[in-house]
$ cat start_10.cif   # mmCIF, C-alpha atoms and all ligand atoms
data_model
loop_
_atom_site.group_PDB
_atom_site.id
_atom_site.type_symbol
_atom_site.label_atom_id
_atom_site.label_comp_id
_atom_site.auth_asym_id
_atom_site.auth_seq_id
_atom_site.Cartn_x
_atom_site.Cartn_y
_atom_site.Cartn_z
ATOM 1 C CA MET S 15 44.744 86.131 -6.308
ATOM 2 C CA LYS S 16 46.144 86.482 -2.798
ATOM 3 C CA ALA S 17 48.314 89.145 -1.227
ATOM 4 C CA LEU S 18 50.074 89.543 2.105
ATOM 5 C CA LEU S 19 49.464 92.869 3.809
ATOM 6 C CA LEU S 20 51.917 93.850 6.554
ATOM 7 C CA ILE S 21 50.666 96.609 8.825
ATOM 8 C CA ASP S 22 53.010 99.135 10.443
ATOM 9 C CA LEU S 23 56.014 96.941 11.305
ATOM 10 C CA GLN S 24 57.892 99.998 12.516
ATOM 11 C CA ASN S 25 60.331 100.684 15.349
ATOM 12 C CA ASP S 26 57.921 102.845 17.343
ATOM 13 C CA PHE S 27 55.453 99.960 17.713
ATOM 14 C CA CYS S 28 58.098 97.565 19.000
ATOM 15 C CA PRO S 29 59.546 97.321 22.514
ATOM 16 C CA GLY S 30 61.592 100.435 23.208
ATOM 17 C CA GLY S 31 59.555 102.464 20.730
ATOM 18 C CA ALA S 32 57.395 105.505 21.433
ATOM 19 C CA LEU S 33 54.114 103.567 21.179
ATOM 20 C CA GLU S 34 55.464 100.177 22.055
ATOM 21 C CA VAL S 35 53.274 97.159 21.656
ATOM 22 C CA LYS S 36 54.119 94.277 23.940
ATOM 23 C CA GLY S 37 55.733 91.499 21.899
ATOM 24 C CA GLY S 38 55.526 93.579 18.730
ATOM 25 C CA ASP S 39 59.016 92.481 17.713
ATOM 26 C CA GLN S 40 57.954 88.819 17.877
ATOM 27 C CA VAL S 41 55.881 89.103 14.722
ATOM 28 C CA ILE S 42 58.800 90.159 12.521
ATOM 29 C CA PRO S 43 60.125 86.606 11.874
ATOM 30 C CA ILE S 44 56.579 85.581 10.953
ATOM 31 C CA ALA S 45 56.360 88.382 8.398
ATOM 32 C CA ASN S 46 59.710 87.331 6.938
ATOM 33 C CA GLN S 47 58.667 83.679 6.627
ATOM 34 C CA LEU S 48 55.324 84.504 5.046
ATOM 35 C CA ALA S 49 56.733 87.043 2.603
ATOM 36 C CA GLU S 50 58.474 84.193 0.777
ATOM 37 C CA LYS S 51 55.169 82.408 0.246
ATOM 38 C CA PHE S 52 53.275 85.237 -1.423
ATOM 39 C CA ASP S 53 53.600 86.597 -4.932
ATOM 40 C CA LEU S 54 52.506 89.982 -3.730
ATOM 41 C CA VAL S 55 53.638 91.539 -0.443
ATOM 42 C CA ILE S 56 52.483 95.024 0.482
ATOM 43 C CA ALA S 57 53.319 97.030 3.585
ATOM 44 C CA THR S 58 51.845 100.046 5.290
ATOM 45 C CA GLN S 59 53.682 102.651 7.320
ATOM 46 C CA ASP S 60 52.254 105.019 9.892
ATOM 47 C CA TRP S 61 53.793 108.272 8.622
ATOM 48 C CA HIS S 62 52.934 111.390 10.579
ATOM 49 C CA PRO S 63 54.153 114.965 10.266
ATOM 50 C CA ALA S 64 55.604 116.264 13.573
ATOM 51 C CA ASN S 65 52.590 118.548 14.020
ATOM 52 C CA HIS S 66 50.066 115.719 13.711
ATOM 53 C CA GLY S 67 46.768 116.208 15.553
ATOM 54 C CA SER S 68 46.875 112.712 17.084
ATOM 55 C CA PHE S 69 49.893 113.607 19.230
ATOM 56 C CA ALA S 70 48.982 114.671 22.774
ATOM 57 C CA ALA S 71 52.022 116.957 22.765
ATOM 58 C CA ASN S 72 50.403 119.087 20.064
ATOM 59 C CA HIS S 73 47.449 119.959 22.334
ATOM 60 C CA PRO S 74 48.108 122.087 25.415
ATOM 61 C CA TRP S 75 47.331 120.320 28.713
ATOM 62 C CA ARG S 76 46.452 117.055 27.017
ATOM 63 C CA TYR S 77 48.133 113.744 27.611
ATOM 64 C CA PRO S 78 48.252 110.363 25.856
ATOM 65 C CA GLY S 79 45.165 108.232 26.322
ATOM 66 C CA GLN S 80 42.738 111.146 26.444
ATOM 67 C CA VAL S 81 40.104 111.434 23.741
ATOM 68 C CA ILE S 82 39.494 114.766 22.016
ATOM 69 C CA ASP S 83 37.394 115.951 19.107
ATOM 70 C CA LEU S 84 39.691 116.372 16.119
ATOM 71 C CA ASN S 85 37.840 118.015 13.251
ATOM 72 C CA GLY S 86 34.599 116.275 14.130
ATOM 73 C CA LEU S 87 36.012 112.849 14.947
ATOM 74 C CA ASP S 88 36.818 111.265 18.297
ATOM 75 C CA GLN S 89 40.587 111.043 18.473
ATOM 76 C CA ILE S 90 42.616 109.094 21.015
ATOM 77 C CA LEU S 91 45.722 111.091 21.811
ATOM 78 C CA TRP S 92 48.985 109.205 21.398
ATOM 79 C CA PRO S 93 52.583 109.827 22.301
ATOM 80 C CA ILE S 94 54.606 111.323 19.449
ATOM 81 C CA HIS S 95 55.274 108.363 17.157
ATOM 82 C CA CYS S 96 56.179 107.441 13.594
ATOM 83 C CA VAL S 97 57.251 110.931 12.625
ATOM 84 C CA GLN S 98 58.128 111.002 8.930
ATOM 85 C CA ASN S 99 61.774 110.120 8.281
ATOM 86 C CA SER S 100 62.534 109.472 11.948
ATOM 87 C CA PHE S 101 64.051 106.236 13.269
ATOM 88 C CA GLY S 102 60.763 105.363 14.947
ATOM 89 C CA ALA S 103 58.967 105.422 11.605
ATOM 90 C CA GLU S 104 61.481 103.134 9.919
ATOM 91 C CA PHE S 105 60.650 99.511 9.361
ATOM 92 C CA VAL S 106 62.194 97.274 12.006
ATOM 93 C CA LYS S 107 65.671 96.449 10.743
ATOM 94 C CA GLU S 108 65.119 92.679 11.014
ATOM 95 C CA LEU S 109 62.160 92.963 8.631
ATOM 96 C CA ASP S 110 62.987 91.741 5.147
ATOM 97 C CA THR S 111 61.642 94.503 2.923
ATOM 98 C CA SER S 112 63.293 93.250 -0.252
ATOM 99 C CA ASN S 113 60.111 91.598 -1.556
ATOM 100 C CA PHE S 114 57.768 94.507 -0.905
ATOM 101 C CA ALA S 115 55.910 95.333 -4.096
ATOM 102 C CA ALA S 116 54.530 98.556 -2.668
ATOM 103 C CA ILE S 117 54.448 100.595 0.531
ATOM 104 C CA PHE S 118 51.431 102.708 1.467
ATOM 105 C CA GLN S 119 51.945 105.520 3.957
ATOM 106 C CA LYS S 120 49.097 106.850 6.065
ATOM 107 C CA GLY S 121 48.428 109.478 8.687
ATOM 108 C CA THR S 122 50.217 112.115 6.635
ATOM 109 C CA ASP S 123 47.463 114.734 7.005
ATOM 110 C CA LYS S 124 47.851 116.473 10.364
ATOM 111 C CA GLU S 125 44.098 117.150 10.520
ATOM 112 C CA ILE S 126 42.986 113.519 10.584
ATOM 113 C CA ASP S 127 44.348 110.187 11.790
ATOM 114 C CA SER S 128 44.440 107.092 9.631
ATOM 115 C CA TYR S 129 44.448 103.702 11.300
ATOM 116 C CA SER S 130 43.361 101.766 8.228
ATOM 117 C CA GLY S 131 45.666 101.180 5.310
ATOM 118 C CA PHE S 132 42.770 102.003 2.972
ATOM 119 C CA PHE S 133 41.168 105.221 4.244
ATOM 120 C CA ASP S 134 41.607 107.879 6.907
ATOM 121 C CA ASN S 135 39.456 107.591 10.032
ATOM 122 C CA GLY S 136 36.715 109.730 8.479
ATOM 123 C CA GLN S 137 36.731 107.654 5.276
ATOM 124 C CA ARG S 138 37.396 110.968 3.552
ATOM 125 C CA LYS S 139 40.481 110.120 1.529
ATOM 126 C CA ALA S 140 41.783 106.848 0.147
ATOM 127 C CA THR S 141 45.442 105.874 0.316
ATOM 128 C CA GLY S 142 45.404 104.208 -3.091
ATOM 129 C CA LEU S 143 45.786 100.715 -1.646
ATOM 130 C CA HIS S 144 42.399 99.503 -2.906
ATOM 131 C CA GLU S 145 43.035 100.731 -6.452
ATOM 132 C CA TYR S 146 46.440 99.115 -6.389
ATOM 133 C CA LEU S 147 45.074 95.753 -5.250
ATOM 134 C CA GLN S 148 42.350 95.891 -7.891
ATOM 135 C CA GLU S 149 44.911 96.549 -10.607
ATOM 136 C CA LYS S 150 46.814 93.492 -9.422
ATOM 137 C CA GLY S 151 43.669 91.341 -9.435
ATOM 138 C CA ILE S 152 43.772 90.655 -5.696
ATOM 139 C CA ASP S 153 40.575 89.374 -4.109
ATOM 140 C CA GLU S 154 41.949 87.742 -0.957
ATOM 141 C CA LEU S 155 44.107 89.332 1.726
ATOM 142 C CA PHE S 156 46.213 87.853 4.507
ATOM 143 C CA ILE S 157 46.708 90.607 7.054
ATOM 144 C CA MET S 158 49.091 90.837 10.016
ATOM 145 C CA GLY S 159 51.081 93.450 11.893
ATOM 146 C CA LEU S 160 50.693 96.163 14.509
ATOM 147 C CA ALA S 161 48.636 96.973 16.270
ATOM 148 C CA LEU S 162 45.805 94.445 16.429
ATOM 149 C CA ASP S 163 43.295 96.767 18.119
ATOM 150 C CA TYR S 164 43.950 99.816 15.918
ATOM 151 C CA CYS S 165 45.601 99.727 12.541
ATOM 152 C CA VAL S 166 45.163 95.999 11.903
ATOM 153 C CA LYS S 167 41.521 96.092 12.989
ATOM 154 C CA PHE S 168 40.548 99.083 10.875
ATOM 155 C CA THR S 169 42.420 97.753 7.850
ATOM 156 C CA VAL S 170 40.618 94.416 8.181
ATOM 157 C CA LEU S 171 37.199 96.074 8.561
ATOM 158 C CA ASP S 172 37.748 98.311 5.533
ATOM 159 C CA ALA S 173 38.973 95.338 3.504
ATOM 160 C CA LEU S 174 35.809 93.419 4.389
ATOM 161 C CA ASN S 175 33.678 96.431 3.421
ATOM 162 C CA LEU S 176 35.505 96.522 0.109
ATOM 163 C CA ASN S 177 34.547 92.863 -0.374
ATOM 164 C CA TYR S 178 37.932 91.246 -0.059
ATOM 165 C CA LYS S 179 38.128 87.828 1.468
ATOM 166 C CA VAL S 180 40.117 88.589 4.627
ATOM 167 C CA ASN S 181 42.304 86.274 6.670
ATOM 168 C CA LEU S 182 43.649 87.675 9.923
ATOM 169 C CA ILE S 183 46.963 86.045 10.839
ATOM 170 C CA LEU S 184 46.441 85.911 14.574
ATOM 171 C CA ASP S 185 49.979 84.976 15.639
ATOM 172 C CA GLY S 186 51.283 87.798 13.445
ATOM 173 C CA THR S 187 49.637 90.534 15.489
ATOM 174 C CA ARG S 188 49.946 92.113 18.929
ATOM 175 C CA ALA S 189 47.629 94.623 20.609
ATOM 176 C CA VAL S 190 48.122 97.955 22.371
ATOM 177 C CA ASN S 191 45.428 96.979 24.935
ATOM 178 C CA LEU S 192 44.783 100.441 26.384
ATOM 179 C CA GLU S 193 42.053 98.510 28.216
ATOM 180 C CA GLU S 194 42.432 94.885 29.166
ATOM 181 C CA GLY S 195 40.584 92.720 26.670
ATOM 182 C CA ASP S 196 40.814 95.149 23.744
ATOM 183 C CA ASP S 197 42.608 92.415 21.803
ATOM 184 C CA GLN S 198 39.737 89.947 22.148
ATOM 185 C CA LYS S 199 37.156 92.653 21.412
ATOM 186 C CA ALA S 200 39.006 93.552 18.223
ATOM 187 C CA VAL S 201 39.166 89.922 17.113
ATOM 188 C CA ASP S 202 35.462 89.425 17.846
ATOM 189 C CA GLU S 203 34.573 92.541 15.867
ATOM 190 C CA MET S 204 36.591 91.391 12.866
ATOM 191 C CA THR S 205 35.277 87.829 12.848
ATOM 192 C CA ALA S 206 31.689 89.065 13.277
ATOM 193 C CA LYS S 207 32.135 91.013 10.037
ATOM 194 C CA GLY S 208 33.562 88.006 8.219
ATOM 195 C CA ALA S 209 37.302 87.872 8.832
ATOM 196 C CA VAL S 210 38.731 84.350 8.971
ATOM 197 C CA LEU S 211 41.287 83.617 11.690
ATOM 198 C CA VAL S 212 44.400 81.804 10.543
ATOM 199 C CA ASN S 213 47.724 80.820 12.014
ATOM 200 C CA SER S 214 50.932 81.551 10.114
ATOM 201 C CA VAL S 215 51.980 77.878 10.181
ATOM 202 C CA ASP S 216 48.800 76.903 8.336
ATOM 203 C CA ILE S 217 49.501 79.180 5.392
ATOM 204 C CA SER S 218 51.077 77.447 2.438
HETATM 205 C C1 LIG I 301 48.582 102.835 15.404
HETATM 206 C C2 LIG I 301 47.877 104.154 17.119
HETATM 207 C C3 LIG I 301 48.311 105.278 16.470
HETATM 208 C C4 LIG I 301 48.746 101.457 14.844
HETATM 209 C C5 LIG I 301 49.024 103.957 14.726
HETATM 210 O O1 LIG I 301 49.594 101.253 13.945
HETATM 211 O O2 LIG I 301 48.011 100.557 15.287
HETATM 212 N N1 LIG I 301 48.004 102.950 16.592
HETATM 213 N N2 LIG I 301 48.865 105.170 15.263
HETATM 214 ZN ZN ZN I 302 49.783 106.817 14.349
#

$ encode --input "start_10.cif" --output "structure tokens"
Amino acid sequence: MKALLLIDLQNDFCPGGALEVKGGDQVIPIANQLAEKFDLVIATQDWHPANHGSFAANHPWRYPGQVIDLNGLDQILWPIHCVQNSFGAEFVKELDTSNFAAIFQKGTDKEIDSYSGFFDNGQRKATGLHEYLQEKGIDELFIMGLALDYCVKFTVLDALNLNYKVNLILDGTRAVNLEEGDDQKAVDEMTAKGAVLVNSVDIS
């Protein structure tokens, strides 16, 4: 059984948002088209408390882009984004959420970031997504969303580790690209571990 997994299609990752991803808004129509083709559509939401440790503003003298040690893990510092119940954390209004079977929120613990939809960055706590997919008998995932080089990548890698067959919908993602070429590096890393690259138009 197949499922569509939509990663972090939230205002803050789209142009004008706090952590805007270039062209992030362009993937929304793709998500809407694909949602009609899947029996099971699941979404994730980056969902931080205002005091989250990944926000540069919560560390004196630090600024976005710097890397700190956060409770034993390397942490890239980000602008304040996707604060729980804020506009930036809301799904983009053009996104059709009516067919979502479940929404998994991540990054809720201020002590640790969570790029993947499955586990936090230390693989310490699970979000419940894996259990949910198992209950539904899902063994193959089609994954798209924002951002390619962070939350999409880590969700794909965890899914592969959990033995799902993983299809990355390439035209349904956009990258932050803190460094030029991060997008290609992320794709190479995912395909090396077994992700299959697909185009939304080839999904029936
Ligand atoms: C993300 C950076 C920080 C993402 C979330 O959704 O890719 N990136 N938080
Ligand atoms: Zn975040």

$ closest_residue --input "start_10.cif" --among "S:Thr169, S:Ser214, S:Gln89, S:Thr187" --to "Lys36 of chain S" --atoms "all atoms listed in the file"
S:Thr187

$ atom_distance --input "start_10.cif" --atom1 "atom CA of Ala70 of chain S" --atom2 "atom CA of Trp92 of chain S"
5.6 Å

$ resolve_selection --input "start_10.cif" --expression "the PyMOL selection byres (((not hetatm)) within 10 of (chain I and resi 301))" --output "PyMOL selection string"
chain S and resi 21-24+26-27+33-35+58-62+68-69+89-96+120-121+127-131+159-169+188-190

$ write_last_selection --input "start_10.cif" --atoms "C-alpha atoms" --output "short mmCIF file (atom, residue, chain, number, x, y, z; two decimals), keeping the file's coordinate frame"
data_model
loop_
_atom_site.label_atom_id
_atom_site.label_comp_id
_atom_site.auth_asym_id
_atom_site.auth_seq_id
_atom_site.Cartn_x
_atom_site.Cartn_y
_atom_site.Cartn_z
CA ILE S 21 50.67 96.61 8.82
CA ASP S 22 53.01 99.14 10.44
CA LEU S 23 56.01 96.94 11.30
CA GLN S 24 57.89 100.00 12.52
CA ASP S 26 57.92 102.84 17.34
CA PHE S 27 55.45 99.96 17.71
CA LEU S 33 54.11 103.57 21.18
CA GLU S 34 55.46 100.18 22.06
CA VAL S 35 53.27 97.16 21.66
CA THR S 58 51.84 100.05 5.29
CA GLN S 59 53.68 102.65 7.32
CA ASP S 60 52.25 105.02 9.89
CA TRP S 61 53.79 108.27 8.62
CA HIS S 62 52.93 111.39 10.58
CA SER S 68 46.88 112.71 17.08
CA PHE S 69 49.89 113.61 19.23
CA GLN S 89 40.59 111.04 18.47
CA ILE S 90 42.62 109.09 21.02
CA LEU S 91 45.72 111.09 21.81
CA TRP S 92 48.98 109.20 21.40
CA PRO S 93 52.58 109.83 22.30
CA ILE S 94 54.61 111.32 19.45
CA HIS S 95 55.27 108.36 17.16
CA CYS S 96 56.18 107.44 13.59
CA LYS S 120 49.10 106.85 6.06
CA GLY S 121 48.43 109.48 8.69
CA ASP S 127 44.35 110.19 11.79
CA SER S 128 44.44 107.09 9.63
CA TYR S 129 44.45 103.70 11.30
CA SER S 130 43.36 101.77 8.23
CA GLY S 131 45.67 101.18 5.31
CA GLY S 159 51.08 93.45 11.89
CA LEU S 160 50.69 96.16 14.51
CA ALA S 161 48.64 96.97 16.27
CA LEU S 162 45.80 94.44 16.43
CA ASP S 163 43.30 96.77 18.12
CA TYR S 164 43.95 99.82 15.92
CA CYS S 165 45.60 99.73 12.54
CA VAL S 166 45.16 96.00 11.90
CA LYS S 167 41.52 96.09 12.99
CA PHE S 168 40.55 99.08 10.88
CA THR S 169 42.42 97.75 7.85
CA ARG S 188 49.95 92.11 18.93
CA ALA S 189 47.63 94.62 20.61
CA VAL S 190 48.12 97.96 22.37
#

$ residues_around --input "start_10.cif" --residues "Glu50 of chain S" --least-positions-apart "6" --cutoff "12 Å" --atoms "only C-alpha atoms" --output "PDB file with C-alpha atoms, keeping the file's coordinate frame"
ATOM      1  CA  ALA S  17      48.314  89.145  -1.227  1.00  0.00           C
ATOM      2  CA  LEU S  18      50.074  89.543   2.105  1.00  0.00           C
ATOM      3  CA  PRO S  43      60.125  86.606  11.874  1.00  0.00           C
ATOM      4  CA  ILE S  44      56.579  85.581  10.953  1.00  0.00           C
ATOM      5  CA  ASP S 110      62.987  91.741   5.147  1.00  0.00           C
ATOM      6  CA  THR S 111      61.642  94.503   2.923  1.00  0.00           C
ATOM      7  CA  SER S 112      63.293  93.250  -0.252  1.00  0.00           C
ATOM      8  CA  ASN S 113      60.111  91.598  -1.556  1.00  0.00           C
ATOM      9  CA  PHE S 114      57.768  94.507  -0.905  1.00  0.00           C
ATOM     10  CA  ILE S 217      49.501  79.180   5.392  1.00  0.00           C
ATOM     11  CA  SER S 218      51.077  77.447   2.438  1.00  0.00           C
TER      12      SER S 218
END

$ atom_distance --input "start_10.cif" --atom1 "atom CA of Gly38 of chain S" --atom2 "atom CA of Asp197 of chain S"
13.3 Å

$ closest_residue --input "start_10.cif" --among "S:Gly208, S:Phe132, S:Glu125, S:Leu109" --to "Gln47 of chain S" --atoms "all atoms listed in the file"
S:Leu109

$ closest_residue --input "start_10.cif" --among "S:Val170, S:Val97, S:Leu155, S:Leu48" --to "ligand ZN 302 (chain I)" --atoms "only C-alpha atoms and all ligand atoms"
S:Val97

$ build_atoms --input "start_10.cif" --residues "segment 67-78 of chain S" --atoms "all heavy atoms" --output "JSON list (two decimals), in the frame of the given file"
[["chain", "number", "residue", "atom", "x", "y", "z"],
["S", 67, "GLY", "N", 47.82, 115.99, 14.55],
["S", 67, "GLY", "CA", 46.77, 116.21, 15.55],
["S", 67, "GLY", "C", 46.50, 115.04, 16.47],
["S", 67, "GLY", "O", 45.78, 115.18, 17.47],
["S", 68, "SER", "N", 47.07, 113.86, 16.19],
["S", 68, "SER", "CA", 46.88, 112.71, 17.08],
["S", 68, "SER", "C", 47.90, 112.68, 18.21],
["S", 68, "SER", "O", 47.81, 111.83, 19.09],
["S", 68, "SER", "CB", 46.97, 111.40, 16.29],
["S", 68, "SER", "OG", 48.31, 111.11, 15.94],
["S", 69, "PHE", "N", 48.87, 113.60, 18.18],
["S", 69, "PHE", "CA", 49.89, 113.61, 19.23],
["S", 69, "PHE", "C", 49.43, 114.49, 20.39],
["S", 69, "PHE", "O", 49.15, 115.68, 20.21],
["S", 69, "PHE", "CB", 51.22, 114.17, 18.71],
["S", 69, "PHE", "CG", 51.85, 113.39, 17.58],
["S", 69, "PHE", "CD1", 52.87, 113.95, 16.82],
["S", 69, "PHE", "CD2", 51.44, 112.09, 17.28],
["S", 69, "PHE", "CE1", 53.46, 113.23, 15.79],
["S", 69, "PHE", "CE2", 52.03, 111.37, 16.25],
["S", 69, "PHE", "CZ", 53.04, 111.95, 15.49],
["S", 70, "ALA", "N", 49.39, 113.91, 21.58],
["S", 70, "ALA", "CA", 48.98, 114.67, 22.77],
["S", 70, "ALA", "C", 49.82, 115.94, 22.91],
["S", 70, "ALA", "O", 49.31, 116.99, 23.29],
["S", 70, "ALA", "CB", 49.11, 113.80, 24.02],
["S", 71, "ALA", "N", 51.10, 115.84, 22.58],
["S", 71, "ALA", "CA", 52.02, 116.96, 22.76],
["S", 71, "ALA", "C", 51.64, 118.18, 21.93],
["S", 71, "ALA", "O", 52.07, 119.30, 22.22],
["S", 71, "ALA", "CB", 53.45, 116.52, 22.41],
["S", 72, "ASN", "N", 50.81, 117.96, 20.91],
["S", 72, "ASN", "CA", 50.40, 119.09, 20.06],
["S", 72, "ASN", "C", 49.12, 119.77, 20.55],
["S", 72, "ASN", "O", 48.59, 120.64, 19.87],
["S", 72, "ASN", "CB", 50.23, 118.62, 18.61],
["S", 72, "ASN", "CG", 51.59, 118.28, 17.99],
["S", 72, "ASN", "OD1", 52.59, 118.87, 18.35],
["S", 72, "ASN", "ND2", 51.62, 117.31, 17.09],
["S", 73, "HIS", "N", 48.65, 119.34, 21.75],
["S", 73, "HIS", "CA", 47.45, 119.96, 22.33],
["S", 73, "HIS", "C", 47.77, 120.35, 23.77],
["S", 73, "HIS", "O", 48.06, 119.48, 24.59],
["S", 73, "HIS", "CB", 46.27, 118.97, 22.32],
["S", 73, "HIS", "CG", 45.94, 118.48, 20.95],
["S", 73, "HIS", "ND1", 45.10, 119.14, 20.10],
["S", 73, "HIS", "CD2", 46.39, 117.39, 20.26],
["S", 73, "HIS", "CE1", 45.01, 118.48, 18.95],
["S", 73, "HIS", "NE2", 45.79, 117.41, 19.03],
["S", 74, "PRO", "N", 47.74, 121.66, 24.08],
["S", 74, "PRO", "CA", 48.11, 122.09, 25.42],
["S", 74, "PRO", "C", 47.28, 121.37, 26.49],
["S", 74, "PRO", "O", 46.08, 121.19, 26.32],
["S", 74, "PRO", "CB", 47.80, 123.59, 25.42],
["S", 74, "PRO", "CG", 47.40, 123.97, 24.05],
["S", 74, "PRO", "CD", 47.32, 122.75, 23.20],
["S", 75, "TRP", "N", 47.95, 120.92, 27.53],
["S", 75, "TRP", "CA", 47.33, 120.32, 28.71],
["S", 75, "TRP", "C", 46.76, 118.92, 28.46],
["S", 75, "TRP", "O", 46.12, 118.35, 29.33],
["S", 75, "TRP", "CB", 46.22, 121.21, 29.31],
["S", 75, "TRP", "CG", 46.63, 122.63, 29.45],
["S", 75, "TRP", "CD1", 46.12, 123.70, 28.75],
["S", 75, "TRP", "CD2", 47.63, 123.16, 30.31],
["S", 75, "TRP", "NE1", 46.75, 124.85, 29.13],
["S", 75, "TRP", "CE2", 47.68, 124.56, 30.09],
["S", 75, "TRP", "CE3", 48.51, 122.58, 31.26],
["S", 75, "TRP", "CZ2", 48.56, 125.40, 30.76],
["S", 75, "TRP", "CZ3", 49.39, 123.43, 31.93],
["S", 75, "TRP", "CH2", 49.40, 124.81, 31.68],
["S", 76, "ARG", "N", 46.98, 118.39, 27.30],
["S", 76, "ARG", "CA", 46.45, 117.06, 27.02],
["S", 76, "ARG", "C", 47.55, 116.02, 27.20],
["S", 76, "ARG", "O", 48.73, 116.33, 27.09],
["S", 76, "ARG", "CB", 45.92, 116.98, 25.59],
["S", 76, "ARG", "CG", 44.75, 117.89, 25.32],
["S", 76, "ARG", "CD", 43.52, 117.36, 26.00],
["S", 76, "ARG", "NE", 42.38, 118.26, 25.82],
["S", 76, "ARG", "CZ", 41.21, 118.03, 26.37],
["S", 76, "ARG", "NH1", 41.01, 116.97, 27.12],
["S", 76, "ARG", "NH2", 40.21, 118.88, 26.19],
["S", 77, "TYR", "N", 47.14, 114.80, 27.48],
["S", 77, "TYR", "CA", 48.13, 113.74, 27.61],
["S", 77, "TYR", "C", 47.65, 112.47, 26.91],
["S", 77, "TYR", "O", 46.46, 112.30, 26.65],
["S", 77, "TYR", "CB", 48.48, 113.49, 29.08],
["S", 77, "TYR", "CG", 47.31, 113.27, 29.99],
["S", 77, "TYR", "CD1", 46.75, 112.01, 30.13],
["S", 77, "TYR", "CD2", 46.76, 114.34, 30.70],
["S", 77, "TYR", "CE1", 45.67, 111.81, 30.97],
["S", 77, "TYR", "CE2", 45.67, 114.14, 31.54],
["S", 77, "TYR", "CZ", 45.13, 112.87, 31.67],
["S", 77, "TYR", "OH", 44.06, 112.68, 32.48],
["S", 78, "PRO", "N", 48.59, 111.58, 26.60],
["S", 78, "PRO", "CA", 48.25, 110.36, 25.86],
["S", 78, "PRO", "C", 47.17, 109.55, 26.56],
["S", 78, "PRO", "O", 47.15, 109.45, 27.79],
["S", 78, "PRO", "CB", 49.57, 109.58, 25.81],
["S", 78, "PRO", "CG", 50.62, 110.64, 25.88],
["S", 78, "PRO", "CD", 50.05, 111.69, 26.80]]
